[in-house]
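To be precise, the following lines are query-v1.txt, and they hold compact mmCIF, C-alpha atoms.
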# COMPACT_ATOMS: atom_id res chain seq x y z
CA TYR A 100 152.67 236.04 151.57
CA PHE A 101 151.87 233.26 153.99
CA LYS A 102 153.39 229.81 153.55
CA PHE A 103 152.08 226.65 155.14
CA ASN A 104 155.42 224.96 155.81
CA LEU A 105 154.69 224.67 159.52
CA PHE A 106 151.84 222.28 158.85
CA LYS A 107 153.70 219.36 157.40
CA PHE A 108 150.85 216.87 157.87
CA LEU A 109 148.08 219.14 156.65
CA THR A 110 145.56 217.24 154.50
CA ASN A 111 142.63 219.69 154.09
CA LEU A 112 142.98 223.41 153.51
CA ASP A 113 140.13 225.86 152.96
CA LEU A 114 141.08 229.31 151.63
CA SER A 115 137.72 230.12 150.11
CA GLN A 116 136.03 233.52 150.24
CA ASN A 117 139.16 235.59 150.45
CA GLN A 118 140.80 238.15 148.15
CA LEU A 119 143.47 235.88 146.69
CA ASP A 120 144.54 236.48 143.09
CA TYR A 121 147.99 234.85 143.06
CA LEU A 122 149.82 231.91 144.62
CA SER A 123 153.57 231.42 144.47
CA ASN A 124 154.88 228.14 143.09
CA ASP A 125 156.39 227.16 146.44
CA ILE A 126 153.49 228.05 148.73
CA PHE A 127 152.63 224.39 149.39
CA GLU A 128 156.13 223.09 148.90
CA LEU A 129 156.31 221.11 152.14
CA ASN A 130 152.65 220.14 152.41
CA GLU A 131 153.16 216.78 150.82
CA TYR A 132 150.02 215.22 152.33
CA LEU A 133 147.60 217.88 151.15
CA THR A 134 144.65 216.16 149.47
CA TYR A 135 141.91 218.81 149.48
CA LEU A 136 142.37 222.47 148.58
CA ASN A 137 139.48 224.92 148.42
CA LEU A 138 140.24 228.19 146.62
CA SER A 139 136.69 229.02 145.65
CA SER A 140 135.28 232.54 145.77
CA ASN A 141 138.54 234.40 145.40
CA LEU A 142 139.82 236.78 142.71
CA PHE A 143 141.91 234.53 140.47
CA LYS A 144 141.86 235.48 136.78
CA LEU A 145 144.83 233.36 135.72
CA PHE A 146 145.68 230.12 137.45
CA SER A 147 148.77 227.95 137.05
CA LEU A 148 148.77 224.24 137.84
CA ASN A 149 152.53 224.36 138.24
CA ILE A 150 151.98 224.90 141.94
CA PHE A 151 151.11 221.21 142.05
CA TYR A 152 153.80 219.89 139.72
CA ASN A 153 154.64 216.22 140.43
CA ARG A 154 152.72 216.14 143.70
CA GLU A 155 151.56 212.73 144.90
CA PHE A 156 148.61 213.52 147.14
CA LEU A 157 146.53 216.49 146.02
CA LEU A 158 143.27 214.98 144.78
CA TYR A 159 140.51 217.58 145.00
CA LEU A 160 141.00 221.13 143.74
CA ASP A 161 138.12 223.60 144.04
CA LEU A 162 138.52 226.76 141.93
CA SER A 163 134.85 227.57 141.58
CA PHE A 164 133.42 231.08 141.78
CA ASN A 165 136.54 232.93 140.74
CA GLN A 166 137.18 235.04 137.62
CA ILE A 167 139.48 232.57 135.86
CA GLU A 168 139.96 233.18 132.15
CA ASN A 169 142.83 230.78 131.54
CA ILE A 170 144.52 227.74 133.09
CA LEU A 171 148.28 227.44 132.65
CA TYR A 172 150.21 224.19 132.71
CA GLU A 173 153.51 222.75 131.50
CA LYS A 174 153.16 220.30 128.62
CA GLU A 175 155.92 218.08 129.95
CA SER A 176 154.65 218.04 133.53
CA SER A 177 152.35 215.61 135.28
CA TYR A 178 149.68 216.37 137.86
CA LEU A 179 147.59 214.23 140.14
CA PHE A 180 143.95 215.14 140.75
CA SER A 181 140.76 213.13 141.00
CA LYS A 182 138.41 216.12 140.95
CA ILE A 183 138.68 219.66 139.57
CA ASP A 184 135.86 222.14 140.07
CA LEU A 185 135.95 225.18 137.77
CA ARG A 186 132.30 226.21 138.00
CA ASN A 187 131.33 229.85 137.72
CA ASN A 188 134.40 231.34 136.13
CA ASN A 189 135.06 233.31 132.93
CA LEU A 190 136.49 230.60 130.70
CA THR A 191 135.68 231.01 127.01
CA LEU A 192 138.06 228.34 125.70
CA PHE A 193 139.32 225.19 127.39
CA ASN A 194 142.14 222.95 126.23
CA LEU A 195 141.25 219.36 127.11
CA ASP A 196 144.68 218.15 126.04
CA MET A 197 145.70 219.18 129.54
CA ILE A 198 143.74 216.23 130.90
CA THR A 199 146.23 213.76 129.43
CA GLN A 200 148.76 215.07 131.96
CA ILE A 201 146.47 214.79 134.97
CA SER A 202 146.55 211.28 136.37
CA ASN A 203 143.37 209.79 137.80
CA LEU A 204 141.06 212.73 137.02
CA THR A 205 137.54 211.33 137.21
CA TYR A 206 135.47 214.49 137.76
CA LEU A 207 135.64 217.75 135.80
CA ASP A 208 133.13 220.57 136.25
CA LEU A 209 133.25 223.46 133.76
CA SER A 210 129.66 224.59 134.20
CA PHE A 211 128.57 228.22 134.41
CA ASN A 212 131.39 229.60 132.31
CA ARG A 213 131.32 231.28 128.89
CA LEU A 214 132.77 228.40 126.90
CA ASN A 215 132.17 228.52 123.16
CA ALA A 216 134.87 226.02 122.19
CA ILE A 217 136.67 222.98 123.60
CA ASN A 218 140.06 222.13 122.14
CA LEU A 219 141.04 218.48 121.92
CA THR A 220 143.88 217.47 119.63
CA THR A 221 145.37 214.55 121.51
CA THR A 222 145.07 211.09 120.01
CA SER A 223 145.02 209.57 123.51
CA PHE A 224 141.86 208.24 125.11
CA LEU A 225 140.64 210.26 128.10
CA ASN A 226 139.55 207.07 129.76
CA GLN A 227 139.85 208.30 133.34
CA ILE A 228 136.99 210.84 133.13
CA ARG A 229 133.71 209.57 134.67
CA HIS A 230 131.78 212.79 135.30
CA PHE A 231 131.89 215.79 132.95
CA ASP A 232 129.74 218.89 133.40
CA LEU A 233 129.61 221.48 130.60
CA SER A 234 126.21 222.95 131.41
CA MET A 235 125.42 226.67 131.33
CA ASN A 236 127.89 227.61 128.61
CA GLN A 237 127.65 228.79 125.00
CA LEU A 238 128.64 225.62 123.17
CA LYS A 239 127.08 224.97 119.75
CA GLU A 240 128.82 221.87 118.43
CA PHE A 241 131.64 219.36 118.84
CA ASP A 242 133.86 217.71 116.28
CA ARG A 243 132.24 214.58 114.93
CA HIS A 244 134.37 212.09 116.89
CA PHE A 245 134.97 214.28 119.95
CA PHE A 246 133.36 211.91 122.46
CA PHE A 247 134.97 208.75 121.11
CA LYS A 248 137.89 209.45 123.45
CA PHE A 249 135.65 209.42 126.55
CA ILE A 250 135.17 205.68 126.71
CA SER A 251 134.68 205.56 130.50
CA LEU A 252 132.34 208.53 130.87
CA ILE A 253 129.28 207.79 133.05
CA ASP A 254 127.65 211.20 133.49
CA LEU A 255 127.58 213.99 130.87
CA ASN A 256 125.75 217.29 131.34
CA LEU A 257 125.38 219.49 128.24
CA SER A 258 122.26 221.35 129.36
CA CYS A 259 121.73 225.07 128.86
CA ASN A 260 123.97 225.54 125.84
CA LYS A 261 123.23 226.43 122.21
CA PHE A 262 123.16 223.04 120.47
CA GLU A 263 120.76 222.84 117.53
CA GLU A 264 121.52 219.42 116.08
CA PHE A 265 123.19 216.13 116.92
CA ARG A 266 124.35 214.19 113.88
CA ASP A 267 125.23 210.53 113.49
CA GLU A 268 128.09 209.51 115.79
CA SER A 269 128.33 212.95 117.43
CA LEU A 270 127.75 211.24 120.79
CA GLY A 271 129.38 207.98 119.74
CA GLY A 272 131.93 205.97 121.66
CA MET A 273 130.57 206.53 125.16
CA THR A 274 129.59 202.93 125.74
CA ASN A 275 129.56 203.37 129.54
CA LEU A 276 127.41 206.50 129.65
CA GLU A 277 124.45 206.19 132.04
CA TYR A 278 123.26 209.80 132.46
CA LEU A 279 122.92 212.34 129.67
CA ASN A 280 121.41 215.80 130.05
CA LEU A 281 120.67 217.73 126.84
CA SER A 282 117.89 219.89 128.24
CA HIS A 283 117.44 223.62 127.65
CA ASN A 284 119.20 223.77 124.31
CA ARG A 285 117.92 224.66 120.84
CA ILE A 286 117.87 221.15 119.40
CA LYS A 287 115.71 220.85 116.31
CA ASN A 288 117.00 217.59 114.93
CA ILE A 289 118.44 214.36 116.32
CA HIS A 290 119.59 211.79 113.79
CA GLU A 291 118.41 208.25 114.37
CA ASP A 292 121.89 206.86 115.00
CA VAL A 293 122.95 209.40 117.63
CA PHE A 294 122.18 207.16 120.62
CA GLU A 295 123.25 203.93 118.93
CA THR A 296 126.37 203.34 121.07
CA LEU A 297 124.78 204.49 124.35
CA ILE A 298 123.74 200.96 125.19
CA VAL A 299 123.78 201.34 129.02
CA LEU A 300 122.07 204.75 129.13
CA LYS A 301 119.64 204.94 132.08
CA LYS A 302 118.60 208.59 132.19
CA LEU A 303 118.08 210.96 129.26
CA ASP A 304 116.81 214.53 129.62
CA LEU A 305 115.80 216.23 126.36
CA SER A 306 113.33 218.66 127.87
CA VAL A 307 112.92 222.26 126.71
CA ASN A 308 114.26 222.01 123.17
CA LYS A 309 112.70 222.61 119.75
CA LEU A 310 112.15 219.07 118.56
CA ARG A 311 108.81 218.30 116.87
CA GLU A 312 109.24 214.59 116.15
CA PHE A 313 111.54 211.59 116.54
CA GLY A 314 112.49 208.86 114.11
CA GLN A 315 111.21 205.37 114.84
CA LEU A 316 114.72 204.11 115.60
CA THR A 317 115.95 207.08 117.66
CA PHE A 318 115.87 205.20 120.97
CA TYR A 319 116.09 201.69 119.56
CA PHE A 320 119.41 200.84 121.24
CA CYS A 321 118.61 202.43 124.63
CA PHE A 322 117.74 199.07 126.18
CA HIS A 323 118.36 200.15 129.79
CA LEU A 324 116.65 203.53 129.73
CA LYS A 325 114.64 204.14 132.92
CA TYR A 326 114.06 207.89 132.80
CA LEU A 327 113.16 209.92 129.71
CA ASN A 328 112.18 213.59 129.87
CA LEU A 329 110.56 215.04 126.74
CA SER A 330 108.59 217.76 128.49
CA ARG A 331 107.76 221.21 127.16
CA TYR A 332 107.58 220.31 123.46
CA ASN A 333 105.05 220.61 120.69
CA LEU A 334 105.42 216.97 119.73
CA GLU A 335 103.22 215.80 116.88
Please, can you express the file's structure as structure tokens?
Amino acid sequence: YFKFNLFKFLTNLDLSQNQLDYLSNDIFELNEYLTYLNLSSNLFKLFSLNIFYNREFLLYLDLSFNQIENILYEKESSYLFSKIDLRNNNLTLFNLDMITQISNLTYLDLSFNRLNAINLTTTSFLNQIRHFDLSMNQLKEFDRHFFFKFISLIDLNLSCNKFEEFRDESLGGMTNLEYLNLSHNRIKNIHEDVFETLIVLKKLDLSVNKLREFGQLTFYFCFHLKYLNLSRYNLE
């Protein structure tokens, strides 16, 4: 296999649209200034973050359009990324506890996978995440206090999943959330307190669901809302 040791000062590397399905742990061993790595559109099914163990510079990792079914990592290791793109893979389960070991991660894209569950057991706040995309999956529900750990989240996309109901506090805790997309789900019911803590919300897309009516207090605390999409309903 090819190693990139000759390019000591390499910062950007594009390996997209190849036939790669494996990388050795030492392939980027001497590329200490590498900040952008594009591995999209390859043949990875299993990917290990150990390639980037204790690196100081790698910030943007693009793994989109592969066949990834699982991400491996060491529980005692630390990783440094600001953006991870995992769009268009074959993930059915994702362990968010991994995020506690990734310093400075602000952007995570898991859209266009086959996710039906998200594991999160850590008691730590995931306060570095700003943008989180879970659209185009098969998610049906989250644990009641799942989003209470995402206190810094600004943009959340849950469109094109299988949600049917959002209960009290199911979206609670995200006091910095500005953009929320719940469109193209199967939502029949939204409890009146669901948006209570989303006090800085500016854009809310609820289009293409199965709602027939809203409670009088549903949007009572959305003081800063500028965009509201309720299209394609049979509202009464």
Residues of stretch 208-252 of chain A that have any atom at most 10 Å from an atom of stretch 150-166 of chain A: could you tabulate them with the shortest-distance atom pair and the distance in Å to one decimal, using only C-alpha atoms, ordered by chain and increasing number, as a Markdown table?
| residue | atom | partner | partner_atom | distance |
| --- | --- | --- | --- | --- |
| A:Asp208 | CA | A:Ser163 | CA | 9.0 |
| A:Leu209 | CA | A:Ser163 | CA | 9.0 |
| A:Ser210 | CA | A:Ser163 | CA | 9.5 |
| A:Phe211 | CA | A:Phe164 | CA | 9.3 |
| A:Asn212 | CA | A:Gln166 | CA | 9.6 |
Handout entry: Long-range neighbours of stretch 107-122 of chain A as number ranges by chain, 7 Å cut-off, only C-alpha atoms, 6 positions minimum in chain
Key = A: 129-130, 132-144
Go ahead and save the residues from that selection, with C-alpha atoms, as a PDB file, keeping the file's coordinate frame.
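And here's out.pdb as it stands now:
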ATOM      1  CA  LEU A 129     156.310 221.110 152.140  1.00  0.00           C
ATOM      2  CA  ASN A 130     152.650 220.140 152.410  1.00  0.00           C
ATOM      3  CA  TYR A 132     150.020 215.220 152.330  1.00  0.00           C
ATOM      4  CA  LEU A 133     147.600 217.880 151.150  1.00  0.00           C
ATOM      5  CA  THR A 134     144.650 216.160 149.470  1.00  0.00           C
ATOM      6  CA  TYR A 135     141.910 218.810 149.480  1.00  0.00           C
ATOM      7  CA  LEU A 136     142.370 222.470 148.580  1.00  0.00           C
ATOM      8  CA  ASN A 137     139.480 224.920 148.420  1.00  0.00           C
ATOM      9  CA  LEU A 138     140.240 228.190 146.620  1.00  0.00           C
ATOM     10  CA  SER A 139     136.690 229.020 145.650  1.00  0.00           C
ATOM     11  CA  SER A 140     135.280 232.540 145.770  1.00  0.00           C
ATOM     12  CA  ASN A 141     138.540 234.400 145.400  1.00  0.00           C
ATOM     13  CA  LEU A 142     139.820 236.780 142.710  1.00  0.00           C
ATOM     14  CA  PHE A 143     141.910 234.530 140.470  1.00  0.00           C
ATOM     15  CA  LYS A 144     141.860 235.480 136.780  1.00  0.00           C
TER      16      LYS A 144
END
Exercise for the section: Using all atoms listed in the file, collect all residues at a distance of at most 8 Å from (121.8, 217.8, 121.7) as written in the file, then present them as a list of chain:residue names. Expected result: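 Collected hits near the coordinates: A:Leu257, A:Phe262, A:Glu263, A:Glu264, A:Phe265, A:Leu281, A:Ser282, A:Asn284, A:Arg285, A:Ile286, A:Ile289, A:Leu305.
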Handout entry: Between atom CA of A:His283 and atom CA of A:Arg311 - distance in Å to one decimal
Key = 14.8 Å
Exercise for the section: Record the distance separating atom CA of A:Leu207 and atom CA of A:Ser306, expressed in Å with one decimal. Expected result: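 For atom CA of A:Leu207 relative to atom CA of A:Ser306, the distance reads 23.7 Å.
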Practice task
Point out the residue among A:Ile126, A:Ile217, A:Val293, A:Cys259 with the least atom-to-atom distance to A:Tyr319, counting all atoms listed in the file.
Solution key: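 Checking each of A:Ile126, A:Ile217, A:Val293, A:Cys259 against A:Tyr319, counting all atoms listed in the file, the winner is A:Val293.
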Handout entry: Atomic separation - atom CA of A:Asn188 relative to atom CA of A:Glu173, Å
Key =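 Distance between the two atoms: 21.5 Å.
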Exercise for the section: Go through A:Tyr206, A:Phe318, A:Phe146, A:Phe247 and flag the residue nearest A:His230, using all atoms listed in the file for the distances. Expected result: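 When distances to A:His230 are compared using all atoms listed in the file, the smallest one comes from A:Tyr206.
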Problem - Selection: 10 Å around A:Leu270, all atoms listed in the file, excl. self and same-chain fewer than 4 positions, as a list of chain:residue names - result: A:Phe241, A:Asp242, A:Arg243, A:His244, A:Phe245, A:Phe246, A:Phe247, A:Phe249, A:Phe265, A:Arg266, A:Thr274, A:Asp292, A:Val293, A:Phe294, A:Glu295, A:Thr296, A:Leu297
Based on the selection just made, write C-alpha atoms of those residues as a PDB file, in the coordinates of the input.
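Listing of part21.pdb after writing:
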ATOM      1  CA  PHE A 241     131.640 219.360 118.840  1.00  0.00           C
ATOM      2  CA  ASP A 242     133.860 217.710 116.280  1.00  0.00           C
ATOM      3  CA  ARG A 243     132.240 214.580 114.930  1.00  0.00           C
ATOM      4  CA  HIS A 244     134.370 212.090 116.890  1.00  0.00           C
ATOM      5  CA  PHE A 245     134.970 214.280 119.950  1.00  0.00           C
ATOM      6  CA  PHE A 246     133.360 211.910 122.460  1.00  0.00           C
ATOM      7  CA  PHE A 247     134.970 208.750 121.110  1.00  0.00           C
ATOM      8  CA  PHE A 249     135.650 209.420 126.550  1.00  0.00           C
ATOM      9  CA  PHE A 265     123.190 216.130 116.920  1.00  0.00           C
ATOM     10  CA  ARG A 266     124.350 214.190 113.880  1.00  0.00           C
ATOM     11  CA  THR A 274     129.590 202.930 125.740  1.00  0.00           C
ATOM     12  CA  ASP A 292     121.890 206.860 115.000  1.00  0.00           C
ATOM     13  CA  VAL A 293     122.950 209.400 117.630  1.00  0.00           C
ATOM     14  CA  PHE A 294     122.180 207.160 120.620  1.00  0.00           C
ATOM     15  CA  GLU A 295     123.250 203.930 118.930  1.00  0.00           C
ATOM     16  CA  THR A 296     126.370 203.340 121.070  1.00  0.00           C
ATOM     17  CA  LEU A 297     124.780 204.490 124.350  1.00  0.00           C
TER      18      LEU A 297
END
Rebuild all heavy atoms on stretch 240-251 of chain A, as an mmCIF file, keeping the file's coordinate frame?
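What ended up in selection_15.cif:
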data_model
loop_
_atom_site.group_PDB
_atom_site.id
_atom_site.type_symbol
_atom_site.label_atom_id
_atom_site.label_comp_id
_atom_site.auth_asym_id
_atom_site.auth_seq_id
_atom_site.Cartn_x
_atom_site.Cartn_y
_atom_site.Cartn_z
ATOM 1 N N GLU A 240 128.543 223.140 119.096
ATOM 2 C CA GLU A 240 128.820 221.870 118.430
ATOM 3 C C GLU A 240 130.160 221.320 118.887
ATOM 4 O O GLU A 240 130.983 222.030 119.469
ATOM 5 C CB GLU A 240 128.838 222.049 116.906
ATOM 6 C CG GLU A 240 129.913 223.002 116.415
ATOM 7 C CD GLU A 240 129.897 223.168 114.904
ATOM 8 O OE1 GLU A 240 129.105 222.476 114.248
ATOM 9 O OE2 GLU A 240 130.688 223.982 114.400
ATOM 10 N N PHE A 241 130.363 220.031 118.617
ATOM 11 C CA PHE A 241 131.640 219.360 118.840
ATOM 12 C C PHE A 241 132.086 218.731 117.533
ATOM 13 O O PHE A 241 131.267 218.451 116.651
ATOM 14 C CB PHE A 241 131.503 218.258 119.899
ATOM 15 C CG PHE A 241 131.237 218.755 121.287
ATOM 16 C CD1 PHE A 241 129.993 218.598 121.867
ATOM 17 C CD2 PHE A 241 132.233 219.382 122.018
ATOM 18 C CE1 PHE A 241 129.737 219.040 123.143
ATOM 19 C CE2 PHE A 241 132.000 219.832 123.301
ATOM 20 C CZ PHE A 241 130.747 219.663 123.860
ATOM 21 N N ASP A 242 133.378 218.485 117.422
ATOM 22 C CA ASP A 242 133.860 217.710 116.280
ATOM 23 C C ASP A 242 133.197 216.345 116.282
ATOM 24 O O ASP A 242 132.838 215.808 117.334
ATOM 25 C CB ASP A 242 135.382 217.536 116.353
ATOM 26 C CG ASP A 242 136.122 218.848 116.122
ATOM 27 O OD1 ASP A 242 135.522 219.757 115.530
ATOM 28 O OD2 ASP A 242 137.282 218.952 116.559
ATOM 29 N N ARG A 243 133.042 215.788 115.105
ATOM 30 C CA ARG A 243 132.240 214.580 114.930
ATOM 31 C C ARG A 243 132.624 213.445 115.871
ATOM 32 O O ARG A 243 131.763 212.750 116.412
ATOM 33 C CB ARG A 243 132.344 214.110 113.478
ATOM 34 C CG ARG A 243 131.475 212.908 113.164
ATOM 35 C CD ARG A 243 131.564 212.531 111.700
ATOM 36 N NE ARG A 243 130.729 211.379 111.397
ATOM 37 C CZ ARG A 243 130.667 210.813 110.206
ATOM 38 N NH1 ARG A 243 131.381 211.294 109.202
ATOM 39 N NH2 ARG A 243 129.885 209.764 110.008
ATOM 40 N N HIS A 244 133.920 213.227 116.078
ATOM 41 C CA HIS A 244 134.370 212.090 116.890
ATOM 42 C C HIS A 244 134.905 212.549 118.252
ATOM 43 O O HIS A 244 135.685 211.834 118.891
ATOM 44 C CB HIS A 244 135.434 211.300 116.148
ATOM 45 C CG HIS A 244 134.922 210.632 114.915
ATOM 46 N ND1 HIS A 244 135.326 210.991 113.655
ATOM 47 C CD2 HIS A 244 133.997 209.640 114.743
ATOM 48 C CE1 HIS A 244 134.705 210.242 112.763
ATOM 49 N NE2 HIS A 244 133.889 209.423 113.388
ATOM 50 N N PHE A 245 134.481 213.704 118.702
ATOM 51 C CA PHE A 245 134.970 214.280 119.950
ATOM 52 C C PHE A 245 134.819 213.311 121.126
ATOM 53 O O PHE A 245 135.749 213.075 121.891
ATOM 54 C CB PHE A 245 134.217 215.583 120.241
ATOM 55 C CG PHE A 245 134.608 216.269 121.512
ATOM 56 C CD1 PHE A 245 135.684 217.148 121.540
ATOM 57 C CD2 PHE A 245 133.904 216.045 122.686
ATOM 58 C CE1 PHE A 245 136.043 217.781 122.708
ATOM 59 C CE2 PHE A 245 134.262 216.678 123.862
ATOM 60 C CZ PHE A 245 135.336 217.554 123.868
ATOM 61 N N PHE A 246 133.641 212.718 121.275
ATOM 62 C CA PHE A 246 133.360 211.910 122.460
ATOM 63 C C PHE A 246 133.860 210.474 122.356
ATOM 64 O O PHE A 246 133.726 209.707 123.318
ATOM 65 C CB PHE A 246 131.863 211.923 122.767
ATOM 66 C CG PHE A 246 131.394 213.221 123.369
ATOM 67 C CD1 PHE A 246 130.575 214.083 122.647
ATOM 68 C CD2 PHE A 246 131.786 213.597 124.642
ATOM 69 C CE1 PHE A 246 130.145 215.282 123.184
ATOM 70 C CE2 PHE A 246 131.373 214.797 125.200
ATOM 71 C CZ PHE A 246 130.551 215.644 124.469
ATOM 72 N N PHE A 247 134.429 210.102 121.234
ATOM 73 C CA PHE A 247 134.970 208.750 121.110
ATOM 74 C C PHE A 247 136.141 208.508 122.051
ATOM 75 O O PHE A 247 136.485 207.368 122.339
ATOM 76 C CB PHE A 247 135.394 208.475 119.662
ATOM 77 C CG PHE A 247 134.274 208.004 118.793
ATOM 78 C CD1 PHE A 247 133.361 208.902 118.262
ATOM 79 C CD2 PHE A 247 134.115 206.664 118.507
ATOM 80 C CE1 PHE A 247 132.321 208.477 117.457
ATOM 81 C CE2 PHE A 247 133.069 206.215 117.713
ATOM 82 C CZ PHE A 247 132.170 207.130 117.185
ATOM 83 N N LYS A 248 136.757 209.589 122.530
ATOM 84 C CA LYS A 248 137.890 209.450 123.450
ATOM 85 C C LYS A 248 137.453 209.273 124.903
ATOM 86 O O LYS A 248 138.256 208.949 125.765
ATOM 87 C CB LYS A 248 138.810 210.659 123.313
ATOM 88 C CG LYS A 248 139.481 210.776 121.948
ATOM 89 C CD LYS A 248 140.435 211.964 121.914
ATOM 90 C CE LYS A 248 141.220 211.986 120.615
ATOM 91 N NZ LYS A 248 140.383 212.316 119.454
ATOM 92 N N PHE A 249 136.149 209.493 125.174
ATOM 93 C CA PHE A 249 135.650 209.420 126.550
ATOM 94 C C PHE A 249 134.974 208.069 126.789
ATOM 95 O O PHE A 249 133.790 207.987 127.104
ATOM 96 C CB PHE A 249 134.648 210.551 126.797
ATOM 97 C CG PHE A 249 135.251 211.916 126.762
ATOM 98 C CD1 PHE A 249 135.415 212.591 125.550
ATOM 99 C CD2 PHE A 249 135.678 212.539 127.925
ATOM 100 C CE1 PHE A 249 135.974 213.858 125.501
ATOM 101 C CE2 PHE A 249 136.231 213.811 127.890
ATOM 102 C CZ PHE A 249 136.384 214.465 126.676
ATOM 103 N N ILE A 250 135.740 207.026 126.698
ATOM 104 C CA ILE A 250 135.170 205.680 126.710
ATOM 105 C C ILE A 250 134.682 205.240 128.094
ATOM 106 O O ILE A 250 133.927 204.267 128.195
ATOM 107 C CB ILE A 250 136.186 204.652 126.170
ATOM 108 C CG1 ILE A 250 137.475 204.698 126.968
ATOM 109 C CG2 ILE A 250 136.460 204.913 124.696
ATOM 110 C CD1 ILE A 250 138.492 203.662 126.542
ATOM 111 N N SER A 251 135.090 205.946 129.150
ATOM 112 C CA SER A 251 134.680 205.560 130.500
ATOM 113 C C SER A 251 133.675 206.529 131.120
ATOM 114 O O SER A 251 133.294 206.374 132.283
ATOM 115 C CB SER A 251 135.903 205.461 131.427
ATOM 116 O OG SER A 251 136.808 204.488 130.966
#
